[in-house]
$ cat work.txt   # compact mmCIF, C-alpha atoms
# COMPACT_ATOMS: atom_id res chain seq x y z
CA MET A 1 -27.72 2.88 15.04
CA ASN A 2 -27.72 -0.05 17.46
CA VAL A 3 -24.98 -2.68 17.22
CA GLY A 4 -27.29 -5.19 15.56
CA ALA A 5 -28.19 -2.76 12.80
CA TYR A 6 -24.50 -1.96 12.34
CA MET A 7 -23.64 -5.67 11.97
CA ASN A 8 -26.48 -6.24 9.54
CA THR A 9 -25.50 -3.28 7.37
CA CYS A 10 -21.79 -4.14 7.32
CA LEU A 11 -22.36 -7.81 6.49
CA HIS A 12 -25.46 -7.84 4.32
CA ASP A 13 -25.87 -4.51 2.52
CA PRO A 14 -26.47 -5.60 -1.11
CA LYS A 15 -24.00 -3.09 -2.55
CA GLN A 16 -21.34 -2.60 0.15
CA GLY A 17 -21.88 -5.51 2.57
CA TYR A 18 -19.07 -7.96 3.29
CA TYR A 19 -20.89 -11.16 2.32
CA ALA A 20 -22.51 -9.58 -0.72
CA THR A 21 -19.31 -8.25 -2.26
CA ARG A 22 -16.11 -9.70 -0.81
CA PRO A 23 -16.55 -12.84 1.30
CA GLY A 24 -13.09 -13.84 2.51
CA LEU A 25 -13.37 -17.50 3.39
CA GLY A 26 -9.87 -18.94 3.53
CA GLN A 27 -8.39 -15.45 3.73
CA ASP A 28 -10.06 -13.52 6.55
CA PHE A 29 -11.08 -16.71 8.40
CA ILE A 30 -10.90 -20.49 7.96
CA THR A 31 -13.84 -22.73 8.85
CA ALA A 32 -13.96 -26.38 9.88
CA PRO A 33 -14.70 -27.75 6.37
CA GLU A 34 -11.58 -25.97 5.09
CA THR A 35 -9.56 -27.48 7.95
CA SER A 36 -10.33 -31.15 7.23
CA GLN A 37 -12.41 -33.05 4.68
CA ILE A 38 -13.46 -35.37 7.50
CA PHE A 39 -15.73 -32.65 8.93
CA GLY A 40 -17.98 -32.53 5.86
CA GLU A 41 -17.79 -36.28 5.32
CA LEU A 42 -19.07 -37.01 8.81
CA LEU A 43 -21.92 -34.52 8.43
CA GLY A 44 -22.88 -36.18 5.16
CA LEU A 45 -23.01 -39.58 6.84
CA TRP A 46 -24.95 -38.03 9.73
CA ALA A 47 -27.50 -36.69 7.22
CA ALA A 48 -27.82 -40.11 5.57
CA HIS A 49 -28.39 -41.73 8.97
CA GLU A 50 -31.11 -39.20 9.81
CA TRP A 51 -32.75 -39.93 6.44
CA GLN A 52 -32.86 -43.59 7.39
CA GLN A 53 -34.34 -42.66 10.78
CA MET A 54 -37.11 -40.87 8.88
CA GLY A 55 -37.92 -44.10 7.04
CA SER A 56 -35.73 -43.50 3.96
CA PRO A 57 -38.28 -41.36 2.08
CA SER A 58 -38.02 -41.40 -1.73
CA ARG A 59 -37.43 -37.61 -1.81
CA ILE A 60 -35.79 -35.41 0.80
CA SER A 61 -34.62 -31.80 0.79
CA LEU A 62 -30.99 -31.52 1.88
CA VAL A 63 -30.47 -27.88 2.87
CA GLU A 64 -27.36 -25.97 3.83
CA VAL A 65 -27.62 -22.48 5.29
CA GLY A 66 -24.55 -20.35 4.67
CA PRO A 67 -22.75 -22.83 2.38
CA GLY A 68 -19.76 -20.55 1.72
CA ARG A 69 -17.66 -21.99 -1.10
CA GLY A 70 -19.42 -25.37 -1.01
CA THR A 71 -16.58 -27.31 0.61
CA LEU A 72 -18.72 -28.82 3.37
CA MET A 73 -21.52 -29.86 1.03
CA ASN A 74 -19.13 -31.26 -1.57
CA ASP A 75 -17.46 -33.46 1.06
CA ALA A 76 -20.82 -34.39 2.61
CA LEU A 77 -22.37 -35.53 -0.67
CA ARG A 78 -19.29 -37.50 -1.67
CA ALA A 79 -19.33 -39.43 1.62
CA ALA A 80 -23.12 -39.85 1.73
CA SER A 81 -23.13 -41.42 -1.73
CA SER A 82 -21.89 -44.60 -0.03
CA VAL A 83 -25.30 -45.02 1.64
CA PRO A 84 -27.61 -46.88 -0.79
CA GLY A 85 -30.50 -44.76 -2.03
CA PHE A 86 -29.65 -41.52 -0.24
CA ALA A 87 -27.97 -39.63 -3.10
CA ALA A 88 -30.84 -40.48 -5.46
CA ALA A 89 -33.39 -39.15 -2.96
CA ILE A 90 -31.76 -35.73 -2.47
CA ASP A 91 -33.08 -32.40 -3.69
CA LEU A 92 -30.24 -29.99 -2.85
CA HIS A 93 -31.17 -26.52 -1.57
CA LEU A 94 -28.69 -23.81 -0.57
CA VAL A 95 -29.73 -20.79 1.49
CA GLU A 96 -27.27 -18.18 0.22
CA PRO A 97 -28.21 -14.53 -0.53
CA SER A 98 -24.77 -13.50 -1.84
CA PRO A 99 -24.69 -13.33 -5.65
CA VAL A 100 -20.90 -13.78 -5.56
CA LEU A 101 -21.16 -17.03 -3.62
CA ARG A 102 -24.19 -18.26 -5.58
CA ALA A 103 -22.20 -18.09 -8.80
CA MET A 104 -19.29 -19.95 -7.17
CA LEU A 105 -21.58 -22.61 -5.70
CA ALA A 106 -23.53 -23.13 -8.91
CA GLU A 107 -20.30 -24.05 -10.64
CA LYS A 108 -18.75 -26.16 -7.88
CA LEU A 109 -21.90 -28.17 -7.14
CA ALA A 110 -23.28 -28.21 -10.69
CA ILE A 111 -23.64 -32.00 -10.87
CA TYR A 112 -26.07 -31.86 -7.92
CA GLU A 113 -28.23 -29.16 -9.58
CA PRO A 114 -28.69 -27.00 -6.46
CA THR A 115 -31.66 -24.72 -5.96
CA PHE A 116 -30.90 -21.41 -4.24
CA LEU A 117 -33.18 -20.03 -1.52
CA ASP A 118 -33.23 -16.62 0.15
CA GLY A 119 -34.14 -17.98 3.61
CA ILE A 120 -35.28 -21.07 5.50
CA GLU A 121 -38.90 -20.00 5.09
CA ALA A 122 -38.54 -20.95 1.42
CA ILE A 123 -37.62 -24.59 2.19
CA PRO A 124 -40.27 -26.72 0.45
CA THR A 125 -42.51 -28.78 2.72
CA ALA A 126 -43.76 -31.36 0.23
CA ASN A 127 -41.00 -33.70 1.45
CA PRO A 128 -38.99 -34.10 4.68
CA PHE A 129 -35.85 -32.01 5.08
CA ILE A 130 -32.41 -32.18 6.68
CA LEU A 131 -30.69 -28.85 7.33
CA LEU A 132 -26.97 -28.30 7.92
CA SER A 133 -25.41 -25.06 9.12
CA ASN A 134 -21.82 -24.37 10.11
CA GLU A 135 -20.72 -20.93 11.31
CA TRP A 136 -23.89 -19.15 10.22
CA LEU A 137 -25.45 -18.33 13.58
CA ASP A 138 -22.48 -16.19 14.67
CA CYS A 139 -23.25 -13.79 11.81
CA LEU A 140 -26.81 -13.11 13.00
CA PRO A 141 -26.88 -9.47 14.20
CA ALA A 142 -26.64 -9.01 17.97
CA ARG A 143 -27.87 -6.08 20.02
CA GLN A 144 -25.80 -5.20 23.08
CA PHE A 145 -27.02 -3.85 26.41
CA VAL A 146 -24.84 -2.33 29.11
CA LYS A 147 -25.76 -1.86 32.77
CA VAL A 148 -24.97 1.59 34.14
CA GLY A 149 -25.84 1.79 37.82
CA ASP A 150 -29.27 0.17 38.13
CA ASP A 151 -30.32 0.85 34.54
CA TRP A 152 -29.72 -0.92 31.23
CA HIS A 153 -28.86 1.07 28.13
CA GLU A 154 -28.41 -0.14 24.57
CA ARG A 155 -24.97 0.17 23.00
CA VAL A 156 -25.02 2.12 19.75
CA VAL A 157 -22.61 3.13 17.00
CA GLY A 158 -22.25 6.82 16.19
CA VAL A 159 -19.84 9.36 14.71
CA SER A 160 -17.32 11.32 16.77
CA PRO A 161 -16.47 15.02 16.24
CA THR A 162 -13.46 13.81 14.21
CA GLU A 163 -15.84 11.77 12.00
CA ASP A 164 -14.67 8.41 13.31
CA LEU A 165 -17.09 5.62 14.20
CA VAL A 166 -17.37 5.16 17.96
CA PHE A 167 -19.42 3.16 20.45
CA GLY A 168 -21.82 4.95 22.78
CA LEU A 169 -24.92 4.31 24.87
CA ALA A 170 -28.50 5.20 24.06
CA VAL A 171 -29.89 7.85 26.41
CA SER A 172 -33.19 6.05 27.01
CA GLU A 173 -33.36 2.98 29.23
CA ALA A 174 -33.79 -0.43 27.60
CA GLU A 175 -37.07 -2.30 28.10
CA ASP A 176 -36.83 -5.18 30.59
CA ASP A 177 -37.95 -7.77 28.01
CA GLU A 178 -35.09 -6.84 25.69
CA ILE A 179 -32.33 -8.10 27.96
CA ALA A 180 -31.34 -11.20 29.84
CA ILE A 181 -30.74 -11.29 33.56
CA GLY A 182 -27.14 -10.40 34.25
CA SER A 183 -24.74 -7.62 34.93
CA GLY A 184 -22.16 -5.67 32.98
CA ALA A 185 -23.05 -6.31 29.34
CA VAL A 186 -25.20 -8.81 27.45
CA GLU A 187 -25.80 -9.63 23.79
CA VAL A 188 -29.14 -10.64 22.34
CA GLN A 189 -29.49 -12.21 18.89
CA SER A 190 -33.12 -11.81 17.92
CA GLY A 191 -32.34 -13.98 14.92
CA LEU A 192 -32.33 -17.03 17.19
CA GLU A 193 -36.01 -16.51 17.94
CA ILE A 194 -36.73 -15.99 14.25
CA LEU A 195 -34.86 -19.20 13.43
CA VAL A 196 -36.87 -21.25 15.94
CA LEU A 197 -40.14 -19.75 14.70
CA GLY A 198 -39.15 -20.60 11.14
CA LEU A 199 -38.21 -24.18 12.03
CA LYS A 200 -41.40 -24.61 14.03
CA LYS A 201 -43.49 -23.48 11.06
CA LEU A 202 -41.68 -25.91 8.75
CA LEU A 203 -41.92 -28.79 11.21
CA ASP A 204 -45.65 -28.22 11.63
CA GLN A 205 -45.94 -29.06 7.91
CA THR A 206 -43.32 -31.78 7.40
CA THR A 207 -40.71 -33.94 9.13
CA GLY A 208 -37.21 -32.59 9.48
CA ARG A 209 -34.09 -31.99 11.51
CA ALA A 210 -31.60 -29.13 11.62
CA LEU A 211 -27.96 -29.51 12.68
CA LEU A 212 -26.43 -26.21 13.83
CA ILE A 213 -22.70 -25.81 14.54
CA ASP A 214 -20.96 -22.66 15.75
CA TYR A 215 -18.91 -21.20 18.58
CA GLY A 216 -20.34 -19.94 21.84
CA PRO A 217 -21.27 -20.98 25.39
CA SER A 218 -24.00 -23.39 26.40
CA ASP A 219 -24.31 -22.43 30.07
CA VAL A 220 -24.03 -18.61 30.20
CA SER A 221 -25.22 -15.67 28.11
CA PRO A 222 -22.50 -13.94 26.06
CA GLY A 223 -21.38 -10.49 27.17
CA ASP A 224 -19.56 -8.22 24.72
CA THR A 225 -18.16 -10.66 22.14
CA LEU A 226 -18.33 -8.55 18.95
CA ARG A 227 -15.17 -9.14 16.92
CA ALA A 228 -13.88 -8.36 13.44
CA TYR A 229 -11.43 -10.32 11.27
CA LYS A 230 -9.42 -9.23 8.26
CA ASP A 231 -6.64 -11.18 6.49
CA GLY A 232 -6.57 -13.77 9.26
CA GLY A 233 -6.15 -11.24 12.09
CA GLN A 234 -8.49 -9.56 14.55
CA ILE A 235 -9.12 -5.85 14.06
CA ASP A 236 -11.32 -3.10 15.58
CA PRO A 237 -14.98 -3.84 14.65
CA LEU A 238 -15.43 -0.18 13.69
CA ALA A 239 -12.25 0.15 11.63
CA MET A 240 -13.27 -1.25 8.21
CA PRO A 241 -17.07 -1.51 7.90
CA GLY A 242 -18.08 -3.74 5.01
CA GLU A 243 -14.49 -4.91 4.42
CA CYS A 244 -14.13 -7.41 7.27
CA ASP A 245 -16.05 -10.25 8.88
CA LEU A 246 -18.07 -9.39 11.99
CA THR A 247 -19.00 -12.12 14.43
CA VAL A 248 -20.36 -12.77 17.93
CA ASP A 249 -20.60 -15.81 20.18
CA VAL A 250 -23.84 -17.79 19.95
CA ASP A 251 -25.97 -18.32 23.07
CA PHE A 252 -26.60 -22.05 22.60
CA GLY A 253 -28.34 -22.41 25.94
CA ARG A 254 -30.92 -19.82 24.94
CA LEU A 255 -31.36 -21.38 21.49
CA ALA A 256 -32.02 -24.79 23.04
CA ARG A 257 -34.53 -23.33 25.49
CA LEU A 258 -36.39 -21.48 22.74
CA ALA A 259 -36.67 -24.67 20.68
CA GLU A 260 -37.80 -26.79 23.62
CA LYS A 261 -40.38 -24.17 24.58
CA SER A 262 -41.75 -24.42 21.03
CA GLY A 263 -42.28 -28.16 21.46
CA LEU A 264 -39.39 -29.23 19.23
CA LEU A 265 -37.01 -32.12 19.90
CA VAL A 266 -33.56 -30.83 20.92
CA SER A 267 -30.30 -32.78 21.09
CA GLY A 268 -27.33 -31.00 22.65
CA PRO A 269 -25.71 -28.60 22.73
CA ALA A 270 -22.63 -30.83 22.74
CA PRO A 271 -18.97 -29.91 22.24
CA GLN A 272 -17.93 -30.29 18.60
CA GLY A 273 -15.06 -32.60 19.46
CA GLN A 274 -17.30 -35.00 21.37
CA PHE A 275 -19.85 -34.99 18.53
CA LEU A 276 -17.33 -35.68 15.75
CA LEU A 277 -15.62 -38.45 17.71
CA ALA A 278 -19.02 -40.05 18.34
CA LEU A 279 -19.62 -40.03 14.58
CA GLY A 280 -16.33 -41.81 13.91
CA ALA A 281 -13.74 -39.10 13.30
CA GLU A 282 -10.88 -41.27 14.56
CA ALA A 283 -11.85 -44.26 12.41
CA ARG A 284 -12.14 -42.09 9.30
CA LEU A 285 -8.77 -40.48 10.04
CA ASN A 286 -7.12 -43.90 10.29
CA GLN A 287 -8.78 -45.00 7.07
CA LEU A 288 -7.54 -41.97 5.12
CA ALA A 289 -4.05 -42.13 6.62
CA LYS A 290 -3.75 -45.79 5.63
CA ALA A 291 -4.80 -44.95 2.07
CA GLU A 292 -2.37 -42.01 1.80
CA PRO A 293 0.49 -42.46 4.32
CA SER A 294 2.33 -39.39 2.99
CA LYS A 295 -0.57 -37.20 4.15
CA GLY A 296 -0.93 -38.86 7.53
CA GLN A 297 0.49 -36.00 9.60
CA GLU A 298 -1.51 -33.37 7.69
CA LEU A 299 -4.71 -35.37 8.17
CA TYR A 300 -3.95 -35.82 11.87
CA GLU A 301 -3.33 -32.10 12.42
CA GLY A 302 -6.62 -31.20 10.73
CA VAL A 303 -8.69 -33.59 12.83
CA LYS A 304 -6.84 -32.60 16.00
CA LYS A 305 -7.81 -28.97 15.43
CA LEU A 306 -11.46 -29.98 15.09
CA VAL A 307 -11.71 -32.21 18.16
CA ASP A 308 -9.04 -31.03 20.63
CA PRO A 309 -10.69 -29.11 23.52
CA ALA A 310 -7.74 -26.72 23.45
CA GLU A 311 -8.58 -25.76 19.86
CA MET A 312 -12.07 -26.02 18.26
CA GLY A 313 -13.27 -29.12 20.10
CA ALA A 314 -14.78 -27.41 23.15
CA ARG A 315 -15.40 -23.85 22.00
CA PHE A 316 -17.60 -24.99 19.12
CA LYS A 317 -20.99 -26.51 19.96
CA VAL A 318 -23.40 -28.72 18.03
CA LEU A 319 -27.18 -28.55 18.44
CA ALA A 320 -29.87 -30.55 16.64
CA ILE A 321 -33.47 -29.36 16.43
CA GLY A 322 -36.16 -31.51 14.85
CA SER A 323 -39.61 -33.02 14.81
CA GLU A 324 -40.75 -34.26 18.20
CA ALA A 325 -41.74 -37.65 16.74
CA LEU A 326 -38.20 -38.45 15.54
CA PRO A 327 -35.74 -40.62 17.53
CA PRO A 328 -32.86 -38.78 19.23
CA SER A 329 -30.23 -37.51 16.81
CA ALA A 330 -27.04 -39.46 16.13
CA GLY A 331 -23.82 -38.15 17.64
CA PHE A 332 -25.24 -36.98 20.95
$ encode --input "work.txt" --output "structure tokens"
Amino acid sequence: MNVGAYMNTCLHDPKQGYYATRPGLGQDFITAPETSQIFGELLGLWAAHEWQQMGSPSRISLVEVGPGRGTLMNDALRAASSVPGFAAAIDLHLVEPSPVLRAMLAEKLAIYEPTFLDGIEAIPTANPFILLSNEWLDCLPARQFVKVGDDWHERVVGVSPTEDLVFGLAVSEAEDDEIAIGSGAVEVQSGLEILVLGLKKLLDQTTGRALLIDYGPSDVSPGDTLRAYKDGGQIDPLAMPGECDLTVDVDFGRLARLAEKSGLLVSGPAPQGQFLLALGAEARLNQLAKAEPSKGQELYEGVKKLVDPAEMGARFKVLAIGSEALPPSAGF
């Protein structure tokens, strides 16, 4: 099977897939919301600001795709409750196919009465929407293409004579429209096109904006970036199918171009550190440290990891996609 099919099977198979059966947030990997509460708080305030930019409608769908254990949304809603009228206007929707995580989220966010959706196509269009997504795009399956001589061949996963999983190349040449211009190896996430098509369909029916955060370049196409993580360490992507997290870098430049070509308003991509500082990360850090001086160093270390270019600040990017009629997004 091709690499994309392998990723999809390992991560999303309903019986043996990683996210369906044993998601390891906090064990196999740690995300930004788990690093500092300030991350989710700032996104909640960003969402409230965007709601105001939309004219403060009486009802709005607040959507998170890939909510994990609900840490981001819990922090976001707590912070956003300080904005008059916003909390009362929210209908909370969580795009989460994993039954394990749905049960966890239903309990953690019970007071907000979340509705669970299988995909963004199920987001209701009767009201405007604001969509948040952190570290979801990197899990979209990626096909890989390798240049051998003058020809491109797709990388595939097969079984060796010793019955081990191994990488190989498809015998037939890849079609020209399947690959980007480049040399060596390239990755293509078809899910990015599906995402833009889905957002375009929603935004043709209602007003909305999506904020997408993940790691990846904004100026070049990723090559071979497939990685696997287990118990906080990197392992061979073929070693433990279904028992580890698989991830690839996101091509933010391509995502922005796809959205712009569809006539949508795009802000970014911007480095995560720059975005969070523009939203007031330093001021919030000082506020929390003043309230709890004993936690000052811990709070500082968490924010530093999020914004420092040497850590997550530059490698992670932020991109906003929304209705063309809206003002530019805050934070950019």
$ atom_distance --input "work.txt" --atom1 "atom CA of Glu298 of chain A" --atom2 "atom CA of Ala283 of chain A"
15.7 Å
$ closest_residue --input "work.txt" --among "A:Gly253, A:Pro269, A:Gly322, A:Pro327" --to "Lys200 of chain A" --atoms "only C-alpha atoms"
A:Gly322
$ closest_atom_pairs --input "work.txt" --of "segment 217-264 of chain A" --to "segment 120-135 of chain A" --cutoff "12 Å" --atoms "all atoms listed in the file" --output "JSON lines"
{"residue": "A:Asp245", "atom": "CA", "partner": "A:Glu135", "partner_atom": "CA", "distance": 11.9}
{"residue": "A:Leu246", "atom": "CA", "partner": "A:Glu135", "partner_atom": "CA", "distance": 11.9}
{"residue": "A:Thr247", "atom": "CA", "partner": "A:Glu135", "partner_atom": "CA", "distance": 9.5}
{"residue": "A:Val248", "atom": "CA", "partner": "A:Glu135", "partner_atom": "CA", "distance": 10.5}
{"residue": "A:Asp249", "atom": "CA", "partner": "A:Glu135", "partner_atom": "CA", "distance": 10.2}
{"residue": "A:Val250", "atom": "CA", "partner": "A:Glu135", "partner_atom": "CA", "distance": 9.7}
$ residues_around --input "work.txt" --residues "Glu243 of chain A" --least-positions-apart "6" --cutoff "8 Å" --atoms "all atoms listed in the file" --output "number ranges by chain"
A: 10, 17-18, 22, 230
$ atom_distance --input "work.txt" --atom1 "atom CA of Ala80 of chain A" --atom2 "atom CA of Tyr19 of chain A"
28.8 Å
$ residues_around --input "work.txt" --residues "Arg315 of chain A" --least-positions-apart "5" --cutoff "9 Å" --atoms "all atoms listed in the file" --output "number ranges by chain"
A: 214-217, 271-272, 309-310
$ residues_near_point --input "work.txt" --point "(-26.2, -27.5, 3.0)" --cutoff "6 Å" --atoms "only C-alpha atoms" --output "ChimeraX atom specification"
/A:63-65,67,73,94,132
$ residues_around --input "work.txt" --residues "Glu41 of chain A" --least-positions-apart "3" --cutoff "8 Å" --atoms "only C-alpha atoms" --output "list in words"
Gln37, Ile38, Gly44, Leu45, Leu72, Asp75, Ala76, Leu77, Arg78, Ala79 and Ala80 of chain A
$ residues_around --input "work.txt" --residues "segment 149-163 of chain A" --least-positions-apart "5" --cutoff "7 Å" --atoms "all atoms listed in the file" --output "ChimeraX atom specification"
/A:1-3,144,168-170,172-174
$ closest_residue --input "work.txt" --among "A:Pro293, A:Gly232, A:Gly302, A:Pro114" --to "Ser36 of chain A" --atoms "all atoms listed in the file"
A:Gly302
$ axis_aligned_box --input "work.txt" --around "segment 118-132 of chain A" --padding-each-side "3 Å" --output "AutoDock Vina command-line options"
--center_x -35.4 --center_y -25.4 --center_z 4.0 --size_x 22.8 --size_y 23.5 --size_z 13.8
$ residues_near_point --input "work.txt" --point "(-33.5, -19.1, 20.5)" --cutoff "10 Å" --atoms "all atoms listed in the file" --output "JSON, numbers by chain"
{"A": [188, 189, 190, 191, 192, 193, 194, 195, 196, 197, 250, 251, 252, 253, 254, 255, 256, 257, 258, 259, 260, 261, 262]}
$ atom_distance --input "work.txt" --atom1 "atom CA of Ile213 of chain A" --atom2 "atom CA of Ala291 of chain A"
29.0 Å
$ closest_residue --input "work.txt" --among "A:Met7, A:Ala47, A:Met54, A:Val171" --to "Thr206 of chain A" --atoms "only C-alpha atoms"
A:Met54
$ decode --input "work.txt" --residues "segment 151-162 of chain A" --atoms "N, CA, C and O atoms" --output "compact mmCIF listing (two decimals), in the first residue's frame"
# COMPACT_ATOMS: atom_id res chain seq x y z
N ASP A 151 12.47 9.93 -13.58
CA ASP A 151 11.10 9.50 -13.33
C ASP A 151 10.75 9.56 -11.84
O ASP A 151 11.60 9.36 -10.97
N TRP A 152 9.48 9.80 -11.57
CA TRP A 152 8.95 9.81 -10.21
C TRP A 152 8.22 8.50 -9.94
O TRP A 152 7.43 8.04 -10.75
N HIS A 153 8.48 7.92 -8.78
CA HIS A 153 7.80 6.70 -8.37
C HIS A 153 7.24 6.90 -6.96
O HIS A 153 7.86 7.56 -6.11
N GLU A 154 6.09 6.29 -6.72
CA GLU A 154 5.48 6.43 -5.39
C GLU A 154 6.11 5.46 -4.41
O GLU A 154 6.34 4.29 -4.73
N ARG A 155 6.38 5.96 -3.20
CA ARG A 155 6.90 5.10 -2.13
C ARG A 155 5.75 4.29 -1.56
O ARG A 155 4.64 4.80 -1.33
N VAL A 156 6.01 3.01 -1.33
CA VAL A 156 4.99 2.11 -0.82
C VAL A 156 5.54 1.33 0.37
O VAL A 156 6.75 1.30 0.63
N VAL A 157 4.63 0.68 1.10
CA VAL A 157 5.00 -0.17 2.22
C VAL A 157 4.64 -1.60 1.85
O VAL A 157 3.52 -1.88 1.42
N GLY A 158 5.59 -2.50 2.00
CA GLY A 158 5.36 -3.91 1.67
C GLY A 158 5.96 -4.82 2.73
O GLY A 158 6.38 -4.37 3.79
N VAL A 159 6.00 -6.10 2.42
CA VAL A 159 6.50 -7.11 3.36
C VAL A 159 7.73 -7.77 2.77
O VAL A 159 7.73 -8.20 1.62
N SER A 160 8.79 -7.87 3.56
CA SER A 160 10.04 -8.47 3.12
C SER A 160 9.94 -10.00 3.19
O SER A 160 9.00 -10.54 3.79
N PRO A 161 10.93 -10.71 2.62
CA PRO A 161 10.93 -12.18 2.73
C PRO A 161 10.95 -12.68 4.18
O PRO A 161 10.51 -13.79 4.46
N THR A 162 11.44 -11.83 5.09
CA THR A 162 11.47 -12.23 6.51
C THR A 162 10.21 -11.75 7.24
O THR A 162 10.15 -11.78 8.48
